[in-house]
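run.cif (mmCIF, C-alpha atoms) appears below.
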```
data_final
loop_
_atom_site.label_atom_id
_atom_site.label_comp_id
_atom_site.auth_asym_id
_atom_site.auth_seq_id
_atom_site.Cartn_x
_atom_site.Cartn_y
_atom_site.Cartn_z
CA LEU A 1 2.66 -27.99 -12.84
CA ASP A 2 1.90 -31.09 -14.88
CA SER A 3 1.48 -28.95 -17.98
CA LEU A 4 4.83 -27.28 -17.39
CA SER A 5 6.53 -30.62 -16.91
CA ARG A 6 5.03 -31.97 -20.13
CA ASN A 7 6.59 -29.00 -21.89
CA ASN A 8 10.03 -29.76 -20.44
CA LEU A 9 10.06 -26.92 -17.93
CA ASN A 10 11.56 -27.78 -14.56
CA VAL A 11 9.67 -26.01 -11.77
CA HIS A 12 10.62 -25.56 -8.11
CA VAL A 13 7.75 -24.56 -5.82
CA TYR A 14 8.03 -22.29 -2.79
CA ASP A 15 4.80 -22.33 -0.77
CA LYS A 16 5.82 -20.78 2.56
CA VAL A 17 4.70 -17.22 1.80
CA ARG A 18 3.40 -15.36 4.84
CA VAL A 19 0.19 -13.34 4.53
CA GLU A 20 1.40 -9.80 5.18
CA PRO A 21 5.12 -10.69 4.86
CA SER A 22 7.75 -9.88 7.47
CA ASP A 23 11.51 -9.51 7.36
CA VAL A 24 11.72 -13.09 8.64
CA SER A 25 9.49 -14.50 5.90
CA PHE A 26 11.33 -12.49 3.24
CA LYS A 27 14.65 -13.89 4.45
CA HIS A 28 13.28 -17.44 4.40
CA ALA A 29 12.20 -17.05 0.76
CA ILE A 30 15.51 -15.39 -0.13
CA ASP A 31 17.48 -18.30 1.34
CA PHE A 32 15.34 -20.81 -0.56
CA MET A 33 15.78 -19.09 -3.91
CA SER A 34 19.45 -18.24 -3.41
CA ASN A 35 20.35 -21.82 -2.56
CA LEU A 36 18.31 -23.12 -5.49
CA HIS A 37 19.86 -20.66 -7.91
CA SER A 38 23.35 -21.60 -6.76
CA SER A 39 22.71 -25.31 -7.20
CA VAL A 40 20.65 -25.58 -10.40
CA GLY A 41 20.44 -22.09 -11.89
CA LEU A 42 17.13 -20.34 -12.47
CA ASP A 43 15.81 -18.68 -15.62
CA ALA A 44 12.70 -16.91 -14.32
CA VAL A 45 10.37 -16.46 -11.36
CA VAL A 46 6.58 -16.90 -11.36
CA ALA A 47 4.55 -15.41 -8.51
CA LEU A 48 1.05 -16.89 -8.28
CA GLY A 49 -0.92 -15.27 -5.48
CA GLY A 50 -1.89 -11.98 -3.93
CA GLY A 51 0.29 -9.04 -3.07
CA SER A 52 2.06 -10.93 -0.31
CA THR A 53 3.19 -13.60 -2.76
CA ILE A 54 4.25 -11.17 -5.48
CA ASP A 55 6.13 -8.94 -3.04
CA THR A 56 7.90 -11.97 -1.55
CA ALA A 57 8.95 -13.05 -5.04
CA LYS A 58 10.30 -9.57 -5.75
CA ALA A 59 12.43 -9.62 -2.62
CA ALA A 60 13.72 -13.16 -3.23
CA ASN A 61 14.58 -12.25 -6.81
CA LEU A 62 16.43 -9.10 -5.75
CA TYR A 63 18.59 -10.63 -3.02
CA THR A 64 19.33 -13.71 -5.12
CA CYS A 65 20.54 -11.64 -8.06
CA HIS A 66 22.28 -8.92 -6.03
CA PRO A 67 23.15 -10.13 -2.53
CA PRO A 68 24.47 -7.18 -0.48
CA PRO A 69 28.28 -7.34 -0.22
CA ASP A 70 28.15 -7.04 3.55
CA GLY A 71 25.20 -9.42 3.89
CA ASP A 72 23.03 -6.68 5.38
CA PHE A 73 19.36 -7.33 4.63
CA TYR A 74 18.58 -3.63 5.09
CA THR A 75 20.84 -2.50 2.23
CA TYR A 76 17.91 -2.04 -0.18
CA VAL A 77 15.19 -1.33 2.40
CA ASN A 78 13.69 2.14 2.39
CA PRO A 79 15.03 4.72 4.85
CA VAL A 80 14.74 5.27 7.77
CA VAL A 81 14.54 1.57 8.58
CA GLY A 82 17.08 0.67 5.90
CA LYS A 83 19.82 2.22 3.80
CA GLY A 84 17.78 2.65 0.61
CA ARG A 85 20.63 1.72 -1.73
CA PRO A 86 19.70 1.60 -5.46
CA ILE A 87 19.46 -1.83 -7.07
CA PRO A 88 22.67 -2.14 -9.11
CA GLY A 89 21.50 -4.26 -12.03
CA PRO A 90 18.74 -6.31 -13.68
CA LEU A 91 16.92 -9.20 -12.02
CA LEU A 92 15.55 -12.47 -13.37
CA PRO A 93 12.31 -12.04 -15.32
CA LEU A 94 9.37 -12.10 -12.89
CA ILE A 95 5.92 -13.14 -14.11
CA ALA A 96 3.19 -12.05 -11.70
CA VAL A 97 -0.21 -13.79 -11.68
CA PRO A 98 -2.46 -12.03 -9.15
CA THR A 99 -5.18 -13.98 -7.36
CA THR A 100 -6.61 -10.92 -5.59
CA ALA A 101 -7.74 -7.58 -7.02
CA GLY A 102 -6.06 -5.05 -4.79
CA THR A 103 -2.38 -4.39 -4.45
CA GLY A 104 -1.56 -4.00 -8.13
CA SER A 105 1.81 -5.51 -7.27
CA GLU A 106 1.93 -7.06 -10.73
CA THR A 107 2.63 -3.55 -12.07
CA THR A 108 4.73 -1.91 -9.36
CA GLY A 109 8.34 -1.71 -8.23
CA VAL A 110 7.52 -2.03 -4.54
CA ALA A 111 7.72 -4.90 -2.01
CA ILE A 112 6.17 -4.24 1.42
CA PHE A 113 6.85 -6.12 4.67
CA ASP A 114 6.54 -5.93 8.45
CA ASP A 115 9.90 -5.22 10.04
CA ILE A 116 9.73 -7.12 13.31
CA PRO A 117 12.80 -5.60 15.05
CA SER A 118 11.54 -2.02 14.63
CA LYS A 119 7.83 -2.94 14.97
CA SER A 120 7.14 -1.02 11.77
CA LYS A 121 5.98 -1.63 8.24
CA THR A 122 8.31 -0.64 5.44
CA GLY A 123 9.46 -1.87 2.06
CA ILE A 124 11.82 -1.85 -0.88
CA ALA A 125 11.10 0.44 -3.82
CA HIS A 126 12.89 0.48 -7.16
CA ARG A 127 11.84 0.26 -10.81
CA ARG A 128 13.91 -2.91 -11.28
CA LEU A 129 11.49 -4.77 -9.00
CA LYS A 130 8.66 -4.38 -11.50
CA PRO A 131 7.48 -7.70 -12.95
CA PHE A 132 8.41 -8.45 -16.53
CA LEU A 133 4.84 -9.62 -17.20
CA GLY A 134 1.50 -9.61 -15.40
CA VAL A 135 -1.15 -12.21 -16.22
CA ILE A 136 -4.62 -11.03 -15.20
CA ASP A 137 -7.44 -13.59 -15.28
CA PRO A 138 -10.73 -13.30 -13.34
CA GLN A 139 -10.85 -17.06 -12.89
CA ASN A 140 -7.98 -16.66 -10.45
CA THR A 141 -10.15 -14.56 -8.12
CA ALA A 142 -13.27 -16.73 -8.26
CA ALA A 143 -12.67 -18.45 -4.93
CA ILE A 144 -11.51 -15.60 -2.70
CA PRO A 145 -13.70 -14.91 0.37
CA PRO A 146 -15.84 -11.74 0.36
CA GLU A 147 -13.80 -10.14 3.14
CA VAL A 148 -10.59 -10.58 1.15
CA ALA A 149 -12.26 -9.13 -1.94
CA LYS A 150 -13.53 -6.19 0.10
CA TYR A 151 -10.26 -5.19 1.70
CA SER A 152 -8.34 -5.73 -1.52
CA GLY A 153 -10.80 -3.48 -3.33
CA LEU A 154 -10.61 -0.75 -0.70
CA ASP A 155 -6.87 -0.73 -1.27
CA VAL A 156 -7.55 0.00 -4.95
CA LEU A 157 -9.73 2.97 -4.00
CA CYS A 158 -6.99 4.44 -1.81
CA HIS A 159 -4.27 3.77 -4.37
CA SER A 160 -6.33 5.69 -6.91
CA ILE A 161 -7.22 8.69 -4.77
CA GLU A 162 -3.86 9.02 -3.06
CA SER A 163 -1.89 8.90 -6.30
CA TYR A 164 -4.21 11.45 -7.93
CA THR A 165 -3.92 13.80 -4.95
CA ALA A 166 -0.20 13.23 -4.29
CA LEU A 167 2.25 16.13 -4.32
CA PRO A 168 2.84 16.94 -8.03
CA TYR A 169 6.04 15.85 -9.71
CA ASN A 170 7.16 19.43 -10.39
CA GLU A 171 6.94 20.40 -6.73
CA ARG A 172 9.29 17.69 -5.47
CA PRO A 173 13.03 18.06 -4.89
CA LYS A 174 15.26 16.81 -7.67
CA PRO A 175 17.27 13.64 -6.97
CA GLN A 176 21.05 13.96 -6.79
CA SER A 177 21.36 11.81 -9.91
CA PRO A 178 19.16 9.70 -12.22
CA LEU A 179 20.31 6.60 -10.34
CA HIS A 180 18.79 8.03 -7.17
CA ARG A 181 15.48 8.94 -8.77
CA PRO A 182 12.77 7.52 -6.48
CA ALA A 183 10.20 5.03 -7.70
CA TYR A 184 7.48 7.53 -6.81
CA GLN A 185 7.57 10.74 -8.87
CA GLY A 186 4.45 12.55 -7.63
CA SER A 187 1.18 13.05 -9.49
CA ASN A 188 1.70 13.75 -13.17
CA PRO A 189 -0.34 13.84 -16.38
CA ILE A 190 0.30 10.17 -17.16
CA SER A 191 -0.39 8.74 -13.71
CA ASP A 192 -3.55 10.89 -13.50
CA VAL A 193 -5.07 8.99 -16.44
CA TRP A 194 -4.52 5.61 -14.81
CA SER A 195 -5.54 6.70 -11.32
CA LEU A 196 -8.87 8.22 -12.36
CA HIS A 197 -9.70 5.27 -14.61
CA ALA A 198 -9.00 2.91 -11.71
CA LEU A 199 -11.13 4.97 -9.34
CA ARG A 200 -14.12 5.08 -11.69
CA THR A 201 -13.86 1.36 -12.37
CA ALA A 202 -13.46 0.32 -8.73
CA ALA A 203 -16.22 2.62 -7.50
CA LYS A 204 -18.59 1.09 -10.03
CA HIS A 205 -17.74 -2.61 -9.59
CA LEU A 206 -16.35 -3.22 -6.09
CA SER A 207 -19.66 -3.72 -4.34
CA GLN A 208 -20.81 -6.26 -6.93
CA ALA A 209 -17.48 -8.11 -6.84
CA VAL A 210 -17.78 -8.49 -3.07
CA ARG A 211 -21.45 -9.33 -2.79
CA HIS A 212 -21.74 -11.43 -5.95
CA PRO A 213 -18.49 -13.34 -6.59
CA GLU A 214 -20.22 -15.18 -9.44
CA ASN A 215 -20.28 -11.88 -11.34
CA VAL A 216 -17.35 -12.42 -13.70
CA GLU A 217 -17.62 -8.94 -15.19
CA ALA A 218 -17.29 -7.29 -11.78
CA ARG A 219 -14.28 -9.44 -10.84
CA SER A 220 -12.69 -8.76 -14.22
CA GLU A 221 -13.15 -5.03 -13.86
CA MET A 222 -11.71 -5.05 -10.34
CA LEU A 223 -8.59 -6.86 -11.56
CA LEU A 224 -8.18 -4.25 -14.28
CA ALA A 225 -8.79 -1.47 -11.75
CA ALA A 226 -6.13 -2.89 -9.45
CA ALA A 227 -3.61 -3.05 -12.29
CA ALA A 228 -4.49 0.44 -13.52
CA ALA A 229 -4.18 1.84 -10.00
CA GLY A 230 -0.84 0.07 -9.72
CA VAL A 231 0.42 1.88 -12.82
CA GLY A 232 -0.89 5.14 -11.39
CA PHE A 233 0.52 4.95 -7.89
CA GLY A 234 3.56 3.02 -9.10
CA ASN A 235 4.60 6.24 -10.83
CA ALA A 236 3.00 8.92 -8.66
CA GLY A 237 3.17 7.33 -5.20
CA VAL A 238 0.69 7.30 -2.35
CA HIS A 239 0.57 9.43 0.79
CA LEU A 240 -0.99 9.61 4.23
CA CYS A 241 -3.55 6.79 4.08
CA HIS A 242 -0.77 4.32 3.36
CA GLY A 243 1.75 6.04 5.60
CA MET A 244 -0.66 5.92 8.53
CA SER A 245 -1.62 2.33 7.75
CA TYR A 246 1.81 1.06 8.72
CA PRO A 247 1.52 1.69 12.47
CA VAL A 248 -2.02 0.29 12.38
CA ALA A 249 -0.86 -2.94 10.76
CA SER A 250 2.45 -3.30 12.59
CA GLN A 251 1.06 -2.91 16.10
CA VAL A 252 -1.66 -5.57 15.88
CA LYS A 253 -1.64 -7.90 18.89
CA SER A 254 -4.35 -10.52 18.50
CA TYR A 255 -6.81 -9.55 15.77
CA VAL A 256 -7.54 -12.16 13.08
CA PRO A 257 -10.10 -10.81 10.59
CA PRO A 258 -13.15 -12.73 9.40
CA GLY A 259 -12.66 -14.51 6.11
CA TYR A 260 -8.95 -15.09 6.62
CA ASP A 261 -9.30 -18.69 7.77
CA GLY A 262 -6.05 -20.60 7.91
CA VAL A 263 -3.91 -17.55 8.71
CA ASP A 264 -1.77 -18.55 11.67
CA HIS A 265 -0.90 -15.09 13.01
CA PRO A 266 -2.69 -11.86 13.96
CA LEU A 267 -3.01 -9.30 11.20
CA VAL A 268 -4.94 -6.32 9.97
CA PRO A 269 -5.57 -6.72 6.22
CA HIS A 270 -3.68 -4.09 4.30
CA GLY A 271 -6.79 -2.59 2.74
CA HIS A 272 -8.42 -2.33 6.16
CA SER A 273 -5.43 -0.58 7.72
CA VAL A 274 -5.44 1.90 4.81
CA ILE A 275 -9.15 2.69 4.56
CA VAL A 276 -9.65 3.22 8.29
CA ASN A 277 -7.72 6.50 8.09
CA ALA A 278 -9.01 7.63 4.69
CA PRO A 279 -11.90 9.92 5.72
CA SER A 280 -9.71 11.90 8.13
CA VAL A 281 -6.83 12.03 5.68
CA PHE A 282 -8.87 13.40 2.79
CA ARG A 283 -10.56 16.00 4.96
CA TYR A 284 -7.07 17.16 5.90
CA THR A 285 -5.47 17.04 2.44
CA GLY A 286 -8.48 18.45 0.62
CA ARG A 287 -7.36 22.00 1.28
CA ALA A 288 -4.07 21.40 -0.53
CA ALA A 289 -5.66 20.30 -3.82
CA PRO A 290 -9.40 21.02 -3.60
CA GLU A 291 -10.22 20.49 -7.28
CA ARG A 292 -8.57 17.07 -7.35
CA HIS A 293 -10.31 15.98 -4.19
CA LEU A 294 -13.64 17.23 -5.51
CA GLU A 295 -13.15 15.22 -8.70
CA CYS A 296 -12.66 12.07 -6.62
CA ALA A 297 -15.68 12.99 -4.51
CA ARG A 298 -17.86 13.32 -7.62
CA ILE A 299 -16.78 9.90 -8.86
CA LEU A 300 -17.50 8.16 -5.55
CA ALA A 301 -20.76 9.99 -4.96
CA ALA A 302 -21.94 9.13 -8.46
CA ALA A 303 -21.18 5.47 -7.85
CA ARG A 304 -23.34 5.67 -4.74
CA GLY A 305 -26.13 7.39 -6.64
CA ASP A 306 -25.81 10.11 -4.00
CA ARG A 307 -26.87 13.33 -5.68
CA GLY A 308 -26.92 15.14 -2.36
CA THR A 309 -23.17 14.87 -1.79
CA ARG A 310 -21.98 14.93 -5.39
CA GLY A 311 -19.22 17.51 -5.80
CA THR A 312 -18.41 17.76 -2.11
CA LEU A 313 -15.48 16.53 -0.06
CA ASP A 314 -18.04 14.90 2.21
CA GLY A 315 -19.04 12.78 -0.77
CA MET A 316 -15.55 11.35 -0.94
CA THR A 317 -15.29 10.51 2.75
CA LYS A 318 -18.72 8.92 2.65
CA GLY A 319 -17.84 7.16 -0.57
CA SER A 320 -14.76 5.63 1.02
CA ASN A 321 -17.07 3.88 3.46
CA PHE A 322 -19.64 2.62 0.98
CA LEU A 323 -18.71 -0.87 2.13
CA SER A 324 -18.88 -1.39 5.87
CA SER A 325 -15.59 -1.89 7.66
CA PRO A 326 -15.23 -3.59 11.07
CA ASP A 327 -14.27 -1.26 13.89
CA ASP A 328 -12.25 -3.75 15.94
CA ALA A 329 -8.98 -3.65 14.00
CA GLY A 330 -7.04 -2.45 17.02
CA LYS A 331 -7.34 -5.73 18.88
#
```
Spell out the structure here as structure tokens.
Amino acid sequence: LDSLSRNNLNVHVYDKVRVEPSDVSFKHAIDFMSNLHSSVGLDAVVALGGGSTIDTAKAANLYTCHPPPDGDFYTYVNPVVGKGRPIPGPLLPLIAVPTTAGTGSETTGVAIFDDIPSKSKTGIAHRRLKPFLGVIDPQNTAAIPPEVAKYSGLDVLCHSIESYTALPYNERPKPQSPLHRPAYQGSNPISDVWSLHALRTAAKHLSQAVRHPENVEARSEMLLAAAAAGVGFGNAGVHLCHGMSYPVASQVKSYVPPGYDGVDHPLVPHGHSVIVNAPSVFRYTGRAAPERHLECARILAAARGDRGTRGTLDGMTKGSNFLSSPDDAGK
């Protein structure tokens, strides 16, 4: 902040971001930014933090630039919780600086939140939400606890596999117009490149990044994997692991995970709520695209040095658990 001030940049700080944002926390950030923009005018937004921070910045930017005419918060929220209206115009430039290696939110047009009234998890998805610039620096992940690094990294694995095994773009219904084209297009030749690169990178480096945070190379590679997976699933989309994670995360009553000291509310980390369903999901979806699932299985099994399961779907479901995951998330 001092450096920015010395360079004649006026900065206004919002530091009330909720870990795993909700509709209430989104609205609080929206009110802050809207009032500020009305009074002094803003030129850009910088989001410094994990996925919760970047997603909150996306939402605040959207509703500040394009407040719904009827004041309905759910105007842009995905159906069936919201109306899913397209974003009508450009937003302020958003610069995303991730401090975790997981969500890939610095590359995507998605903002996820817990909707308290419906007790569900949903989001806003549109290409205009994508940050103008992402700044990826491993020094920004040097201090994160191992549990945070683990669950963030497991999210990368699921982003990669789900986007690679998503329903292909040419098997999806056409939108009624280009304006209604969804953010997620289905797996396609371009997203495949990013998704497989992210999977290979995360499978190779996640364990080291968690167990040895001093390993700068491992943390660097995980940041790149998260961004690459974000490009992949940001175009292709994800499927059942993430879809099934929403009831897991939204129904939590009292669980506070280890390593999340200072969090003042119960939560299941996003990566935990996603990975817990992954083995069952991939056993189920494997029949729909066996070659793609086998490719993912080979990558994960190779990272484990597991010659016995290389090339099998069992290799993928075992690979998804190569880091232990607590079994008490339902508390």
Under the rule of at most 12 Å, produce a per-residue listing of segment 245-298 of chain A near segment 185-193 of chain A: chain, number, name, the closest pair of atoms, and the distance in Å, as a Markdown table, using all atoms listed in the file.
```
| residue | atom | partner | partner_atom | distance |
| --- | --- | --- | --- | --- |
| A:Ala289 | CA | A:Ser187 | CA | 11.5 |
| A:Arg292 | CA | A:Asp192 | CA | 10.1 |
| A:Glu295 | CA | A:Asp192 | CA | 11.6 |
| A:Cys296 | CA | A:Asp192 | CA | 11.5 |
```
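Atom CA of Asp55 of chain A sits 23.3 Å away from atom CA of Val40 of chain A.
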Inset, instruction - Please measure the separation of atom CA of Val19 of chain A and atom CA of Phe282 of chain A, giving the value in Å to one decimal. - result: 28.3 Å
Legend entry - Gap from atom CA of Arg181 of chain A to atom CA of Gly286 of chain A - Å, one decimal: 27.4 Å
Distance cut-off 10 Å, centre (-7.5, 10.3, 3.6) in file coordinates, counting all atoms listed in the file: which residues qualify? Return them as a PDB file with C-alpha atoms, in the coordinates of the input.
```pdb
ATOM      1  CA  CYS A 158      -6.990   4.440  -1.810  1.00  0.00           C
ATOM      2  CA  ILE A 161      -7.220   8.690  -4.770  1.00  0.00           C
ATOM      3  CA  GLU A 162      -3.860   9.020  -3.060  1.00  0.00           C
ATOM      4  CA  THR A 165      -3.920  13.800  -4.950  1.00  0.00           C
ATOM      5  CA  HIS A 239       0.570   9.430   0.790  1.00  0.00           C
ATOM      6  CA  LEU A 240      -0.990   9.610   4.230  1.00  0.00           C
ATOM      7  CA  CYS A 241      -3.550   6.790   4.080  1.00  0.00           C
ATOM      8  CA  HIS A 242      -0.770   4.320   3.360  1.00  0.00           C
ATOM      9  CA  MET A 244      -0.660   5.920   8.530  1.00  0.00           C
ATOM     10  CA  VAL A 274      -5.440   1.900   4.810  1.00  0.00           C
ATOM     11  CA  ILE A 275      -9.150   2.690   4.560  1.00  0.00           C
ATOM     12  CA  VAL A 276      -9.650   3.220   8.290  1.00  0.00           C
ATOM     13  CA  ASN A 277      -7.720   6.500   8.090  1.00  0.00           C
ATOM     14  CA  ALA A 278      -9.010   7.630   4.690  1.00  0.00           C
ATOM     15  CA  PRO A 279     -11.900   9.920   5.720  1.00  0.00           C
ATOM     16  CA  SER A 280      -9.710  11.900   8.130  1.00  0.00           C
ATOM     17  CA  VAL A 281      -6.830  12.030   5.680  1.00  0.00           C
ATOM     18  CA  PHE A 282      -8.870  13.400   2.790  1.00  0.00           C
ATOM     19  CA  ARG A 283     -10.560  16.000   4.960  1.00  0.00           C
ATOM     20  CA  TYR A 284      -7.070  17.160   5.900  1.00  0.00           C
ATOM     21  CA  THR A 285      -5.470  17.040   2.440  1.00  0.00           C
ATOM     22  CA  GLY A 286      -8.480  18.450   0.620  1.00  0.00           C
ATOM     23  CA  MET A 316     -15.550  11.350  -0.940  1.00  0.00           C
ATOM     24  CA  THR A 317     -15.290  10.510   2.750  1.00  0.00           C
ATOM     25  CA  SER A 320     -14.760   5.630   1.020  1.00  0.00           C
TER      26      SER A 320
END
```
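Across A:Ala149, A:Val81, A:Leu196, A:Val17, the tightest approach to His272 of chain A is made by A:Ala149 when counting only C-alpha atoms.
Neighbours of Trp194 of chain A closer than or equal to 6 Å, with all atoms listed in the file counted and sequence neighbours fewer than 3 positions away skipped, come out as Ser191, His197, Ala228 and Gly232 of chain A.
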Report, as AutoDock Vina command-line options, the axis-aligned box around all atoms of segment 115-121 of chain A present in the file, extended by 3 Å on each side; give centre and edge lengths in Å to one decimal place.
```
--center_x 9.4 --center_y -4.1 --center_z 11.6 --size_x 12.8 --size_y 12.1 --size_z 12.8
```
Quick one: which segment 87-128 of chain A residues come within 9 Å of segment 72-79 of chain A, and what is the nearest atom pair for each with the distance in Å to one decimal, counting all atoms listed in the file, rows ordered by chain and ascending number, as JSON lines?
```
{"residue": "A:Ile87", "atom": "CA", "partner": "A:Tyr76", "partner_atom": "CA", "distance": 7.1}
{"residue": "A:Thr122", "atom": "CA", "partner": "A:Asn78", "partner_atom": "CA", "distance": 6.8}
{"residue": "A:Gly123", "atom": "CA", "partner": "A:Val77", "partner_atom": "CA", "distance": 5.8}
{"residue": "A:Ile124", "atom": "CA", "partner": "A:Val77", "partner_atom": "CA", "distance": 4.7}
{"residue": "A:Ala125", "atom": "CA", "partner": "A:Asn78", "partner_atom": "CA", "distance": 6.9}
{"residue": "A:His126", "atom": "CA", "partner": "A:Tyr76", "partner_atom": "CA", "distance": 9.0}
```
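You can rank A:Glu214, A:His205, A:Ser245, A:Ser273 by their closest distance to Arg304 of chain A using only C-alpha atoms, and at the top of that list sits A:His205.
Proximity of A:Gly89, A:Ser5, A:Ser22, A:Ile95 to His66 of chain A, computed with all atoms listed in the file, is greatest for A:Gly89.
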Inset, instruction - Would you mind listing what lies within 10 Å of Pro258 of chain A as a PyMOL selection string, with all atoms listed in the file counted and same-chain residues fewer than 6 positions away left out? - result: chain A and resi 145-148+326
Inset, instruction - Carefully work through the PyMOL selection byres ((chain A and resi 235) around 7) for this structure and note down the residues it includes, as a ChimeraX atom specification. - result: /A:183-185,191,231-234,236-237
How about saving the chosen residues, C-alpha atoms kept, as a short mmCIF file (atom, residue, chain, number, x, y, z; two decimals), keeping the file's coordinate frame?
```cif
data_model
loop_
_atom_site.label_atom_id
_atom_site.label_comp_id
_atom_site.auth_asym_id
_atom_site.auth_seq_id
_atom_site.Cartn_x
_atom_site.Cartn_y
_atom_site.Cartn_z
CA ALA A 183 10.20 5.03 -7.70
CA TYR A 184 7.48 7.53 -6.81
CA GLN A 185 7.57 10.74 -8.87
CA SER A 191 -0.39 8.74 -13.71
CA VAL A 231 0.42 1.88 -12.82
CA GLY A 232 -0.89 5.14 -11.39
CA PHE A 233 0.52 4.95 -7.89
CA GLY A 234 3.56 3.02 -9.10
CA ALA A 236 3.00 8.92 -8.66
CA GLY A 237 3.17 7.33 -5.20
#
```
Legend entry - Explicit residue set for the PyMOL selection byres ((chain A and resi 111) around 8), as a PyMOL selection string: chain A and resi 54-56+58-59+105+109-110+112-113+123-125+129
Provide segment 235-249 of chain A of the preceding structure as a file containing N, CA, C and O atoms, as an mmCIF file, in the first residue's frame.
```cif
data_model
loop_
_atom_site.group_PDB
_atom_site.id
_atom_site.type_symbol
_atom_site.label_atom_id
_atom_site.label_comp_id
_atom_site.auth_asym_id
_atom_site.auth_seq_id
_atom_site.Cartn_x
_atom_site.Cartn_y
_atom_site.Cartn_z
ATOM 1 N N ASN A 235 -13.464 -23.087 -19.700
ATOM 2 C CA ASN A 235 -14.052 -23.236 -21.029
ATOM 3 C C ASN A 235 -14.910 -24.485 -21.140
ATOM 4 O O ASN A 235 -15.967 -24.462 -21.767
ATOM 5 N N ALA A 236 -14.460 -25.579 -20.559
ATOM 6 C CA ALA A 236 -15.173 -26.852 -20.708
ATOM 7 C C ALA A 236 -16.265 -27.035 -19.656
ATOM 8 O O ALA A 236 -17.323 -27.583 -19.939
ATOM 9 N N GLY A 237 -15.996 -26.599 -18.426
ATOM 10 C CA GLY A 237 -16.919 -26.834 -17.323
ATOM 11 C C GLY A 237 -16.485 -28.027 -16.493
ATOM 12 O O GLY A 237 -15.561 -28.768 -16.833
ATOM 13 N N VAL A 238 -17.148 -28.205 -15.388
ATOM 14 C CA VAL A 238 -16.934 -29.360 -14.515
ATOM 15 C C VAL A 238 -18.244 -30.149 -14.449
ATOM 16 O O VAL A 238 -19.227 -29.786 -15.083
ATOM 17 N N HIS A 239 -18.261 -31.244 -13.685
ATOM 18 C CA HIS A 239 -19.517 -31.995 -13.633
ATOM 19 C C HIS A 239 -19.824 -32.503 -12.233
ATOM 20 O O HIS A 239 -19.912 -31.700 -11.305
ATOM 21 N N LEU A 240 -19.962 -33.796 -12.048
ATOM 22 C CA LEU A 240 -20.611 -34.297 -10.838
ATOM 23 C C LEU A 240 -19.833 -34.060 -9.554
ATOM 24 O O LEU A 240 -20.443 -33.839 -8.505
ATOM 25 N N CYS A 241 -18.514 -34.133 -9.581
ATOM 26 C CA CYS A 241 -17.767 -33.899 -8.334
ATOM 27 C C CYS A 241 -18.114 -32.535 -7.756
ATOM 28 O O CYS A 241 -18.360 -32.388 -6.559
ATOM 29 N N HIS A 242 -18.125 -31.529 -8.619
ATOM 30 C CA HIS A 242 -18.462 -30.187 -8.149
ATOM 31 C C HIS A 242 -19.954 -30.043 -7.876
ATOM 32 O O HIS A 242 -20.352 -29.405 -6.896
ATOM 33 N N GLY A 243 -20.778 -30.623 -8.726
ATOM 34 C CA GLY A 243 -22.215 -30.554 -8.476
ATOM 35 C C GLY A 243 -22.599 -31.178 -7.147
ATOM 36 O O GLY A 243 -23.416 -30.632 -6.397
ATOM 37 N N MET A 244 -21.991 -32.313 -6.830
ATOM 38 C CA MET A 244 -22.297 -33.004 -5.574
ATOM 39 C C MET A 244 -21.613 -32.358 -4.377
ATOM 40 O O MET A 244 -21.995 -32.606 -3.229
ATOM 41 N N SER A 245 -20.603 -31.522 -4.641
ATOM 42 C CA SER A 245 -19.931 -30.856 -3.526
ATOM 43 C C SER A 245 -20.812 -29.797 -2.879
ATOM 44 O O SER A 245 -20.632 -29.459 -1.706
ATOM 45 N N TYR A 246 -21.742 -29.245 -3.642
ATOM 46 C CA TYR A 246 -22.538 -28.140 -3.124
ATOM 47 C C TYR A 246 -23.418 -28.540 -1.947
ATOM 48 O O TYR A 246 -23.450 -27.837 -0.928
ATOM 49 N N PRO A 247 -24.146 -29.671 -2.007
ATOM 50 C CA PRO A 247 -24.882 -30.056 -0.801
ATOM 51 C C PRO A 247 -23.977 -30.428 0.362
ATOM 52 O O PRO A 247 -24.333 -30.218 1.528
ATOM 53 N N VAL A 248 -22.797 -30.982 0.077
ATOM 54 C CA VAL A 248 -21.857 -31.291 1.149
ATOM 55 C C VAL A 248 -21.452 -30.009 1.877
ATOM 56 O O VAL A 248 -21.480 -29.925 3.106
ATOM 57 N N ALA A 249 -21.081 -28.996 1.107
ATOM 58 C CA ALA A 249 -20.591 -27.754 1.703
ATOM 59 C C ALA A 249 -21.705 -26.929 2.324
ATOM 60 O O ALA A 249 -21.509 -26.284 3.356
#
```
